[in-house]
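Coordinates from upload_37.cif are shown below (mmCIF, C-alpha atoms; chains and numbers go by the auth columns).
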data_entry
#
loop_
_atom_site.group_PDB
_atom_site.id
_atom_site.type_symbol
_atom_site.label_atom_id
_atom_site.label_comp_id
_atom_site.label_asym_id
_atom_site.label_seq_id
_atom_site.Cartn_x
_atom_site.Cartn_y
_atom_site.Cartn_z
_atom_site.B_iso_or_equiv
_atom_site.auth_seq_id
_atom_site.auth_asym_id
ATOM 1 C CA MET A 1 -26.903 -87.715 156.596 0.00 1 A
ATOM 2 C CA SER A 2 -28.277 -90.028 159.303 0.00 2 A
ATOM 3 C CA LEU A 3 -28.267 -87.089 161.728 0.00 3 A
ATOM 4 C CA TRP A 4 -30.485 -85.119 159.333 0.00 4 A
ATOM 5 C CA LEU A 5 -32.899 -88.060 159.282 0.00 5 A
ATOM 6 C CA ALA A 6 -32.923 -88.029 163.084 0.00 6 A
ATOM 7 C CA VAL A 7 -33.772 -84.336 163.073 0.00 7 A
ATOM 8 C CA LEU A 8 -36.632 -85.009 160.660 0.00 8 A
ATOM 9 C CA PHE A 9 -37.854 -87.897 162.808 0.00 9 A
ATOM 10 C CA CYS A 10 -37.891 -85.774 165.966 0.00 10 A
ATOM 11 C CA THR A 11 -39.886 -83.099 164.205 0.00 11 A
ATOM 12 C CA ILE A 12 -42.442 -85.553 162.829 0.00 12 A
ATOM 13 C CA GLU A 13 -42.868 -87.489 166.084 0.00 13 A
ATOM 14 C CA GLY A 14 -43.203 -84.348 168.194 0.00 14 A
ATOM 15 C CA VAL A 15 -40.298 -84.864 170.613 0.00 15 A
ATOM 16 C CA PRO A 16 -40.779 -82.592 173.671 0.00 16 A
ATOM 17 C CA ASN A 17 -39.525 -79.095 172.936 0.00 17 A
ATOM 18 C CA ARG A 18 -36.865 -79.049 175.711 0.00 18 A
ATOM 19 C CA LYS A 19 -35.262 -82.280 174.535 0.00 19 A
ATOM 20 C CA PHE A 20 -35.556 -81.228 170.925 0.00 20 A
ATOM 21 C CA ARG A 21 -33.735 -77.930 171.605 0.00 21 A
ATOM 22 C CA ILE A 22 -30.822 -79.853 173.147 0.00 22 A
ATOM 23 C CA PHE A 23 -30.785 -82.215 170.181 0.00 23 A
ATOM 24 C CA LYS A 24 -30.843 -79.465 167.536 0.00 24 A
ATOM 25 C CA LYS A 25 -28.006 -77.640 169.335 0.00 25 A
ATOM 26 C CA LYS A 26 -25.881 -80.768 169.141 0.00 26 A
ATOM 27 C CA ALA A 27 -26.864 -81.241 165.505 0.00 27 A
ATOM 28 C CA SER A 28 -25.767 -77.706 164.698 0.00 28 A
ATOM 29 C CA ILE A 29 -22.351 -78.300 166.311 0.00 29 A
ATOM 30 C CA ILE A 30 -21.776 -81.673 164.682 0.00 30 A
ATOM 31 C CA LEU A 31 -22.953 -80.685 161.215 0.00 31 A
ATOM 32 C CA LYS A 32 -21.410 -77.205 161.458 0.00 32 A
ATOM 33 C CA ILE A 33 -24.561 -75.746 159.949 0.00 33 A
ATOM 34 C CA PRO A 34 -26.340 -72.794 161.584 0.00 34 A
ATOM 35 C CA ALA A 35 -29.706 -73.572 163.069 0.00 35 A
ATOM 36 C CA ALA A 36 -31.427 -71.122 160.715 0.00 36 A
ATOM 37 C CA VAL A 37 -30.090 -73.030 157.703 0.00 37 A
ATOM 38 C CA TYR A 38 -31.354 -76.472 158.643 0.00 38 A
ATOM 39 C CA ILE A 39 -34.633 -75.065 159.926 0.00 39 A
ATOM 40 C CA GLU A 40 -35.156 -73.518 156.501 0.00 40 A
ATOM 41 C CA ARG A 41 -34.308 -76.860 154.891 0.00 41 A
ATOM 42 C CA LEU A 42 -36.881 -78.572 157.102 0.00 42 A
ATOM 43 C CA ARG A 43 -39.485 -75.983 156.161 0.00 43 A
ATOM 44 C CA ASN A 44 -38.839 -76.713 152.508 0.00 44 A
ATOM 45 C CA THR A 45 -39.782 -80.343 153.129 0.00 45 A
ATOM 46 C CA GLY A 46 -43.307 -79.213 154.046 0.00 46 A
ATOM 47 C CA ILE A 47 -43.087 -80.595 157.590 0.00 47 A
ATOM 48 C CA ASP A 48 -45.030 -78.738 160.306 0.00 48 A
ATOM 49 C CA MET A 49 -42.476 -76.783 162.311 0.00 49 A
ATOM 50 C CA SER A 50 -44.905 -75.483 164.900 0.00 50 A
ATOM 51 C CA ARG A 51 -44.190 -78.158 167.471 0.00 51 A
ATOM 52 C CA GLY A 52 -40.419 -78.542 167.429 0.00 52 A
ATOM 53 C CA PHE A 53 -39.264 -74.954 167.057 0.00 53 A
ATOM 54 C CA VAL A 54 -41.697 -72.970 169.214 0.00 54 A
ATOM 55 C CA ARG A 55 -40.771 -72.330 172.824 0.00 55 A
ATOM 56 C CA GLU A 56 -42.916 -74.011 175.459 0.00 56 A
ATOM 57 C CA GLY A 57 -45.619 -71.615 176.667 0.00 57 A
ATOM 58 C CA ASP A 58 -45.362 -69.430 173.563 0.00 58 A
ATOM 59 C CA GLN A 59 -48.049 -71.201 171.587 0.00 59 A
ATOM 60 C CA GLU A 60 -51.346 -69.275 171.622 0.00 60 A
ATOM 61 C CA GLU A 61 -54.732 -70.065 170.247 0.00 61 A
ATOM 62 C CA PRO A 62 -55.730 -67.507 167.598 0.00 62 A
ATOM 63 C CA PRO A 63 -58.359 -65.096 168.967 0.00 63 A
ATOM 64 C CA MET A 64 -61.953 -65.608 167.893 0.00 64 A
ATOM 65 C CA ILE A 65 -63.234 -62.613 165.927 0.00 65 A
ATOM 66 C CA PRO A 66 -67.047 -62.330 166.162 0.00 66 A
ATOM 67 C CA PRO A 67 -68.513 -62.487 162.647 0.00 67 A
ATOM 68 C CA ARG A 68 -70.773 -59.716 161.425 0.00 68 A
ATOM 69 C CA ALA A 69 -74.363 -60.248 160.350 0.00 69 A
ATOM 70 C CA ALA A 70 -74.496 -62.502 157.315 0.00 70 A
ATOM 71 C CA LEU A 71 -74.595 -60.870 153.892 0.00 71 A
ATOM 72 C CA PRO A 72 -74.948 -63.366 151.010 0.00 72 A
ATOM 73 C CA GLU A 73 -72.071 -63.327 148.568 0.00 73 A
ATOM 74 C CA GLY A 74 -72.695 -61.067 145.590 0.00 74 A
ATOM 75 C CA VAL A 75 -75.541 -59.185 147.297 0.00 75 A
ATOM 76 C CA THR A 76 -75.238 -55.389 147.463 0.00 76 A
ATOM 77 C CA ASN A 77 -74.713 -54.108 150.993 0.00 77 A
ATOM 78 C CA TYR A 78 -77.661 -51.722 151.206 0.00 78 A
ATOM 79 C CA VAL A 79 -77.843 -49.520 154.306 0.00 79 A
ATOM 80 C CA THR A 80 -80.141 -46.733 155.439 0.00 80 A
ATOM 81 C CA PRO A 81 -78.651 -43.339 156.431 0.00 81 A
ATOM 82 C CA ASN A 82 -79.269 -44.248 160.072 0.00 82 A
ATOM 83 C CA GLY A 83 -77.611 -47.608 159.527 0.00 83 A
ATOM 84 C CA MET A 84 -74.545 -45.917 158.051 0.00 84 A
ATOM 85 C CA ASP A 85 -74.358 -43.554 161.027 0.00 85 A
ATOM 86 C CA GLN A 86 -74.404 -46.572 163.335 0.00 86 A
ATOM 87 C CA LEU A 87 -71.532 -48.221 161.450 0.00 87 A
ATOM 88 C CA VAL A 88 -69.414 -45.065 161.625 0.00 88 A
ATOM 89 C CA GLN A 89 -70.169 -44.688 165.341 0.00 89 A
ATOM 90 C CA GLU A 90 -69.206 -48.318 165.908 0.00 90 A
ATOM 91 C CA ARG A 91 -65.874 -47.673 164.181 0.00 91 A
ATOM 92 C CA GLU A 92 -65.186 -44.647 166.373 0.00 92 A
ATOM 93 C CA THR A 93 -65.965 -46.727 169.463 0.00 93 A
ATOM 94 C CA LEU A 94 -63.505 -49.460 168.447 0.00 94 A
ATOM 95 C CA GLN A 95 -60.804 -46.910 167.648 0.00 95 A
ATOM 96 C CA THR A 96 -61.319 -45.359 171.068 0.00 96 A
ATOM 97 C CA GLU A 97 -61.038 -48.771 172.720 0.00 97 A
ATOM 98 C CA ILE A 98 -57.633 -49.236 171.094 0.00 98 A
ATOM 99 C CA LYS A 99 -56.379 -45.817 172.198 0.00 99 A
ATOM 100 C CA GLU A 100 -57.607 -46.226 175.771 0.00 100 A
ATOM 101 C CA LEU A 101 -56.589 -49.859 176.301 0.00 101 A
ATOM 102 C CA THR A 102 -55.088 -50.147 179.785 0.00 102 A
ATOM 103 C CA ILE A 103 -54.209 -53.861 179.942 0.00 103 A
ATOM 104 C CA THR A 104 -50.597 -54.250 181.120 0.00 104 A
ATOM 105 C CA ASP A 105 -50.171 -58.010 180.727 0.00 105 A
ATOM 106 C CA GLU A 106 -48.370 -58.403 177.393 0.00 106 A
ATOM 107 C CA ARG A 107 -50.103 -61.570 176.267 0.00 107 A
ATOM 108 C CA GLU A 108 -53.591 -60.432 177.271 0.00 108 A
ATOM 109 C CA ARG A 109 -53.015 -57.023 175.677 0.00 109 A
ATOM 110 C CA ARG A 110 -51.873 -58.659 172.455 0.00 110 A
ATOM 111 C CA ARG A 111 -54.932 -60.893 172.334 0.00 111 A
ATOM 112 C CA THR A 112 -57.331 -58.055 173.148 0.00 112 A
ATOM 113 C CA LEU A 113 -55.804 -55.841 170.460 0.00 113 A
ATOM 114 C CA ALA A 114 -56.042 -58.678 167.947 0.00 114 A
ATOM 115 C CA VAL A 115 -59.773 -59.061 168.648 0.00 115 A
ATOM 116 C CA ILE A 116 -60.507 -55.329 168.413 0.00 116 A
ATOM 117 C CA GLU A 117 -58.421 -54.915 165.254 0.00 117 A
ATOM 118 C CA GLY A 118 -60.104 -57.967 163.726 0.00 118 A
ATOM 119 C CA LYS A 119 -63.543 -56.492 164.436 0.00 119 A
ATOM 120 C CA LEU A 120 -62.382 -53.161 163.028 0.00 120 A
ATOM 121 C CA LYS A 121 -61.188 -54.832 159.831 0.00 121 A
ATOM 122 C CA LEU A 122 -64.555 -56.528 159.247 0.00 122 A
ATOM 123 C CA LEU A 123 -66.379 -53.301 160.061 0.00 123 A
ATOM 124 C CA ASN A 124 -64.304 -51.263 157.607 0.00 124 A
ATOM 125 C CA GLU A 125 -65.067 -53.801 154.893 0.00 125 A
ATOM 126 C CA ARG A 126 -68.789 -53.291 155.549 0.00 126 A
ATOM 127 C CA ILE A 127 -68.470 -49.509 155.524 0.00 127 A
ATOM 128 C CA HIS A 128 -66.493 -49.490 152.289 0.00 128 A
ATOM 129 C CA SER A 129 -68.985 -51.803 150.561 0.00 129 A
ATOM 130 C CA ALA A 130 -72.071 -49.961 151.835 0.00 130 A
ATOM 131 C CA ARG A 131 -74.538 -48.426 149.418 0.00 131 A
ATOM 132 C CA VAL A 132 -76.743 -45.910 151.203 0.00 132 A
ATOM 133 C CA LEU A 133 -80.405 -45.786 150.163 0.00 133 A
ATOM 134 C CA ASP A 134 -82.582 -43.100 151.682 0.00 134 A
ATOM 135 C CA PRO A 135 -86.111 -44.440 152.352 0.00 135 A
ATOM 136 C CA LYS A 136 -87.517 -41.023 151.486 0.00 136 A
ATOM 137 C CA ASP A 137 -86.365 -41.530 147.881 0.00 137 A
ATOM 138 C CA GLN A 138 -88.255 -44.802 147.428 0.00 138 A
ATOM 139 C CA ALA A 139 -91.576 -45.236 145.587 0.00 139 A
ATOM 140 C CA LYS A 140 -94.272 -44.593 148.185 0.00 140 A
ATOM 141 C CA ASP A 141 -96.809 -47.118 146.913 0.00 141 A
ATOM 142 C CA GLU A 142 -94.494 -50.145 146.799 0.00 142 A
ATOM 143 C CA VAL A 143 -92.560 -52.154 149.390 0.00 143 A
ATOM 144 C CA ARG A 144 -88.876 -51.435 148.950 0.00 144 A
ATOM 145 C CA PHE A 145 -85.756 -51.183 151.077 0.00 145 A
ATOM 146 C CA GLY A 146 -86.377 -48.860 154.013 0.00 146 A
ATOM 147 C CA ALA A 147 -90.138 -49.336 154.062 0.00 147 A
ATOM 148 C CA THR A 148 -92.108 -49.773 157.254 0.00 148 A
ATOM 149 C CA VAL A 149 -94.648 -52.432 156.362 0.00 149 A
ATOM 150 C CA SER A 150 -97.900 -53.259 158.123 0.00 150 A
ATOM 151 C CA LEU A 151 -99.384 -56.582 157.090 0.00 151 A
ATOM 152 C CA GLN A 152 -101.954 -59.160 158.017 0.00 152 A
ATOM 153 C CA ASN A 153 -101.363 -62.870 158.103 0.00 153 A
ATOM 154 C CA LYS A 154 -104.518 -64.180 156.431 0.00 154 A
ATOM 155 C CA SER A 155 -103.749 -67.686 157.668 0.00 155 A
ATOM 156 C CA ASN A 156 -104.283 -66.832 161.344 0.00 156 A
ATOM 157 C CA ASN A 157 -105.600 -63.256 161.124 0.00 157 A
ATOM 158 C CA THR A 158 -102.664 -61.771 163.055 0.00 158 A
ATOM 159 C CA LYS A 159 -101.070 -58.411 162.232 0.00 159 A
ATOM 160 C CA GLN A 160 -97.431 -57.458 162.105 0.00 160 A
ATOM 161 C CA GLN A 161 -95.324 -54.379 161.405 0.00 161 A
ATOM 162 C CA PHE A 162 -91.610 -54.144 160.626 0.00 162 A
ATOM 163 C CA THR A 163 -89.075 -51.948 158.841 0.00 163 A
ATOM 164 C CA ILE A 164 -86.800 -53.337 156.134 0.00 164 A
ATOM 165 C CA VAL A 165 -83.166 -52.334 156.780 0.00 165 A
ATOM 166 C CA GLY A 166 -79.576 -53.400 156.147 0.00 166 A
ATOM 167 C CA VAL A 167 -78.114 -56.568 157.656 0.00 167 A
ATOM 168 C CA ASP A 168 -76.050 -54.733 160.279 0.00 168 A
ATOM 169 C CA GLU A 169 -78.969 -52.547 161.313 0.00 169 A
ATOM 170 C CA ALA A 170 -81.434 -55.409 161.707 0.00 170 A
ATOM 171 C CA ASP A 171 -82.806 -55.920 165.221 0.00 171 A
ATOM 172 C CA VAL A 172 -85.917 -58.022 165.727 0.00 172 A
ATOM 173 C CA THR A 173 -86.464 -56.502 169.189 0.00 173 A
ATOM 174 C CA LYS A 174 -86.975 -53.161 167.422 0.00 174 A
ATOM 175 C CA SER A 175 -89.003 -54.689 164.550 0.00 175 A
ATOM 176 C CA LYS A 176 -86.157 -54.073 162.082 0.00 176 A
ATOM 177 C CA ILE A 177 -85.765 -56.873 159.547 0.00 177 A
ATOM 178 C CA ALA A 178 -82.812 -57.360 157.196 0.00 178 A
ATOM 179 C CA PHE A 179 -83.709 -56.968 153.532 0.00 179 A
ATOM 180 C CA VAL A 180 -82.300 -60.464 152.861 0.00 180 A
ATOM 181 C CA ALA A 181 -84.651 -62.090 155.390 0.00 181 A
ATOM 182 C CA PRO A 182 -87.248 -64.417 153.807 0.00 182 A
ATOM 183 C CA ILE A 183 -90.270 -62.388 154.904 0.00 183 A
ATOM 184 C CA ALA A 184 -88.704 -59.140 153.664 0.00 184 A
ATOM 185 C CA ARG A 185 -87.983 -60.722 150.302 0.00 185 A
ATOM 186 C CA ALA A 186 -91.542 -62.094 150.139 0.00 186 A
ATOM 187 C CA VAL A 187 -93.173 -58.657 150.478 0.00 187 A
ATOM 188 C CA THR A 188 -90.626 -56.616 148.485 0.00 188 A
ATOM 189 C CA GLY A 189 -92.260 -55.259 145.328 0.00 189 A
ATOM 190 C CA ALA A 190 -95.792 -55.653 146.665 0.00 190 A
ATOM 191 C CA ASN A 191 -98.314 -52.791 146.733 0.00 191 A
ATOM 192 C CA LYS A 192 -100.781 -51.727 149.401 0.00 192 A
ATOM 193 C CA GLY A 193 -103.735 -54.099 149.488 0.00 193 A
ATOM 194 C CA GLU A 194 -101.861 -56.833 147.623 0.00 194 A
ATOM 195 C CA GLU A 195 -101.595 -60.381 148.945 0.00 195 A
ATOM 196 C CA VAL A 196 -98.379 -62.396 148.684 0.00 196 A
ATOM 197 C CA ASP A 197 -97.408 -65.964 149.495 0.00 197 A
ATOM 198 C CA PHE A 198 -94.786 -66.480 152.168 0.00 198 A
ATOM 199 C CA LYS A 199 -93.352 -69.982 152.397 0.00 199 A
ATOM 200 C CA LEU A 200 -92.196 -70.956 155.865 0.00 200 A
ATOM 201 C CA GLY A 201 -90.924 -74.517 155.889 0.00 201 A
ATOM 202 C CA ASN A 202 -93.700 -76.697 154.509 0.00 202 A
ATOM 203 C CA GLU A 203 -96.308 -74.059 155.267 0.00 203 A
ATOM 204 C CA ILE A 204 -97.427 -71.290 152.906 0.00 204 A
ATOM 205 C CA ARG A 205 -98.843 -68.198 154.582 0.00 205 A
ATOM 206 C CA VAL A 206 -100.839 -65.522 152.787 0.00 206 A
ATOM 207 C CA LEU A 207 -99.762 -62.012 153.754 0.00 207 A
ATOM 208 C CA LYS A 208 -101.839 -58.951 152.934 0.00 208 A
ATOM 209 C CA ILE A 209 -100.067 -55.573 152.762 0.00 209 A
ATOM 210 C CA LEU A 210 -102.103 -53.133 154.880 0.00 210 A
ATOM 211 C CA ASP A 211 -99.861 -50.091 154.788 0.00 211 A
ATOM 212 C CA ILE A 212 -96.484 -48.853 153.499 0.00 212 A
ATOM 213 C CA GLN A 213 -94.625 -45.943 155.099 0.00 213 A
ATOM 214 C CA TYR A 214 -91.219 -44.362 154.467 0.00 214 A
ATOM 215 C CA GLN A 215 -89.653 -42.272 157.211 0.00 215 A
#
Can you dump the structure from the file as structure tokens?
Amino acid sequence: MSLWLAVLFCTIEGVPNRKFRIFKKKASIILKIPAAVYIERLRNTGIDMSRGFVREGDQEEPPMIPPRAALPEGVTNYVTPNGMDQLVQERETLQTEIKELTITDERERRRTLAVIEGKLKLLNERIHSARVLDPKDQAKDEVRFGATVSLQNKSNNTKQQFTIVGVDEADVTKSKIAFVAPIARAVTGANKGEEVDFKLGNEIRVLKILDIQYQ
């Protein structure tokens, strides 16, 4: 029984893998118990086995999968038809990357595949949860999803125009704002000529809706 305690101690203290392999081989011979049996017994104790029973050099950091644009929990994943087309095209691109992967190094290939497959999994979740709304079907006199809004900031007399789209389609460089963005939420439901309050930090800006277009 004292030998079992020694095995447990080595696992807890993180004895170097090479020495630990020699020790566990001797333990298996002395106790006449297959390695798989006492490893399973150690696992049942709840002790972390990752250090003592993994070959040196085999441990790999899990790949980092880039997260998709944030969508608040419980919020419907609205997308425009163009946004849906972009998601489908993105999926085809990732699938092609997998088919045409030319990396020969086993470890690097495994990591690259894990990243692409992880991105593909997140993308498929977005596609399956998507609810397509065609801007052309929206009420023309009210700011809704898909609207291109022209407004005036009454606080500083500046003008701005943007289109309200899905979270994955949003791109500020193209004046496309996600429907969950604060400014999009502030103007949603407003009519042409109406003024709305937009709170930005401790400041409240008055925004006047100049025009509403659906394309």
Exercise for the section: Find, counting all atoms listed in the file, the residue in A:Lys140, A:Gly201, A:Val167, A:Arg68 that gets nearest to Glu125 (chain A). Expected result: A:Arg68
Practice task
Take CA of Glu169 (chain A) and CA of Lys119 (chain A) and report the distance between them in Å, one decimal.
Solution key: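 Between these atoms lies a distance of 16.2 Å.
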Once the PyMOL selection byres ((chain A and resi 179) around 12) has been evaluated on this model, what residues remain selected, and can you format them as a PDB file with C-alpha atoms, in the coordinates of the input?
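Saved the output as part_9.pdb:
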ATOM      1  CA  ALA A  70     -74.496 -62.502 157.315  1.00  0.00           C
ATOM      2  CA  LEU A  71     -74.595 -60.870 153.892  1.00  0.00           C
ATOM      3  CA  PRO A  72     -74.948 -63.366 151.010  1.00  0.00           C
ATOM      4  CA  VAL A  75     -75.541 -59.185 147.297  1.00  0.00           C
ATOM      5  CA  THR A  76     -75.238 -55.389 147.463  1.00  0.00           C
ATOM      6  CA  ASN A  77     -74.713 -54.108 150.993  1.00  0.00           C
ATOM      7  CA  TYR A  78     -77.661 -51.722 151.206  1.00  0.00           C
ATOM      8  CA  VAL A  79     -77.843 -49.520 154.306  1.00  0.00           C
ATOM      9  CA  THR A  80     -80.141 -46.733 155.439  1.00  0.00           C
ATOM     10  CA  VAL A 143     -92.560 -52.154 149.390  1.00  0.00           C
ATOM     11  CA  ARG A 144     -88.876 -51.435 148.950  1.00  0.00           C
ATOM     12  CA  PHE A 145     -85.756 -51.183 151.077  1.00  0.00           C
ATOM     13  CA  GLY A 146     -86.377 -48.860 154.013  1.00  0.00           C
ATOM     14  CA  ALA A 147     -90.138 -49.336 154.062  1.00  0.00           C
ATOM     15  CA  THR A 148     -92.108 -49.773 157.254  1.00  0.00           C
ATOM     16  CA  PHE A 162     -91.610 -54.144 160.626  1.00  0.00           C
ATOM     17  CA  THR A 163     -89.075 -51.948 158.841  1.00  0.00           C
ATOM     18  CA  ILE A 164     -86.800 -53.337 156.134  1.00  0.00           C
ATOM     19  CA  VAL A 165     -83.166 -52.334 156.780  1.00  0.00           C
ATOM     20  CA  GLY A 166     -79.576 -53.400 156.147  1.00  0.00           C
ATOM     21  CA  VAL A 167     -78.114 -56.568 157.656  1.00  0.00           C
ATOM     22  CA  ASP A 168     -76.050 -54.733 160.279  1.00  0.00           C
ATOM     23  CA  GLU A 169     -78.969 -52.547 161.313  1.00  0.00           C
ATOM     24  CA  ALA A 170     -81.434 -55.409 161.707  1.00  0.00           C
ATOM     25  CA  ASP A 171     -82.806 -55.920 165.221  1.00  0.00           C
ATOM     26  CA  LYS A 176     -86.157 -54.073 162.082  1.00  0.00           C
ATOM     27  CA  ILE A 177     -85.765 -56.873 159.547  1.00  0.00           C
ATOM     28  CA  ALA A 178     -82.812 -57.360 157.196  1.00  0.00           C
ATOM     29  CA  VAL A 180     -82.300 -60.464 152.861  1.00  0.00           C
ATOM     30  CA  ALA A 181     -84.651 -62.090 155.390  1.00  0.00           C
ATOM     31  CA  PRO A 182     -87.248 -64.417 153.807  1.00  0.00           C
ATOM     32  CA  ILE A 183     -90.270 -62.388 154.904  1.00  0.00           C
ATOM     33  CA  ALA A 184     -88.704 -59.140 153.664  1.00  0.00           C
ATOM     34  CA  ARG A 185     -87.983 -60.722 150.302  1.00  0.00           C
ATOM     35  CA  ALA A 186     -91.542 -62.094 150.139  1.00  0.00           C
ATOM     36  CA  VAL A 187     -93.173 -58.657 150.478  1.00  0.00           C
ATOM     37  CA  THR A 188     -90.626 -56.616 148.485  1.00  0.00           C
ATOM     38  CA  GLY A 189     -92.260 -55.259 145.328  1.00  0.00           C
TER      39      GLY A 189
END
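Distances from A:Gly74, A:Pro135, A:Pro66, A:Pro81 to Leu123 (chain A) were compared using all atoms listed in the file, and the smallest one belongs to A:Pro66.
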Handout entry: Neighbour list for Asp141 (chain A) as a list of chain:residue names, cut-off 8 Å, all atoms listed in the file, skip fewer than 6 positions in-chain
Key =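 That gives A:Asn191, A:Lys192, A:Ile212.
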Handout entry: Test item: residues at most 6 Å from Ser150 (chain A), all atoms listed in the file, excluding those fewer than 5 positions along its chain, as JSON, numbers by chain
Key = {"A": [160, 161, 210, 211]}
Problem - Which residue of A:Arg110, A:Glu100, A:Gly118, A:Glu92 approaches Met64 (chain A) most closely, using all atoms listed in the file - result: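 Of the candidates, the smallest distance to Met64 (chain A) is held by A:Gly118.
The smallest atom-to-atom distance between Glu108 (chain A) and any of A:Leu200, A:Pro63, A:Ala139, A:Gly193, using all atoms listed in the file, is found for A:Pro63.
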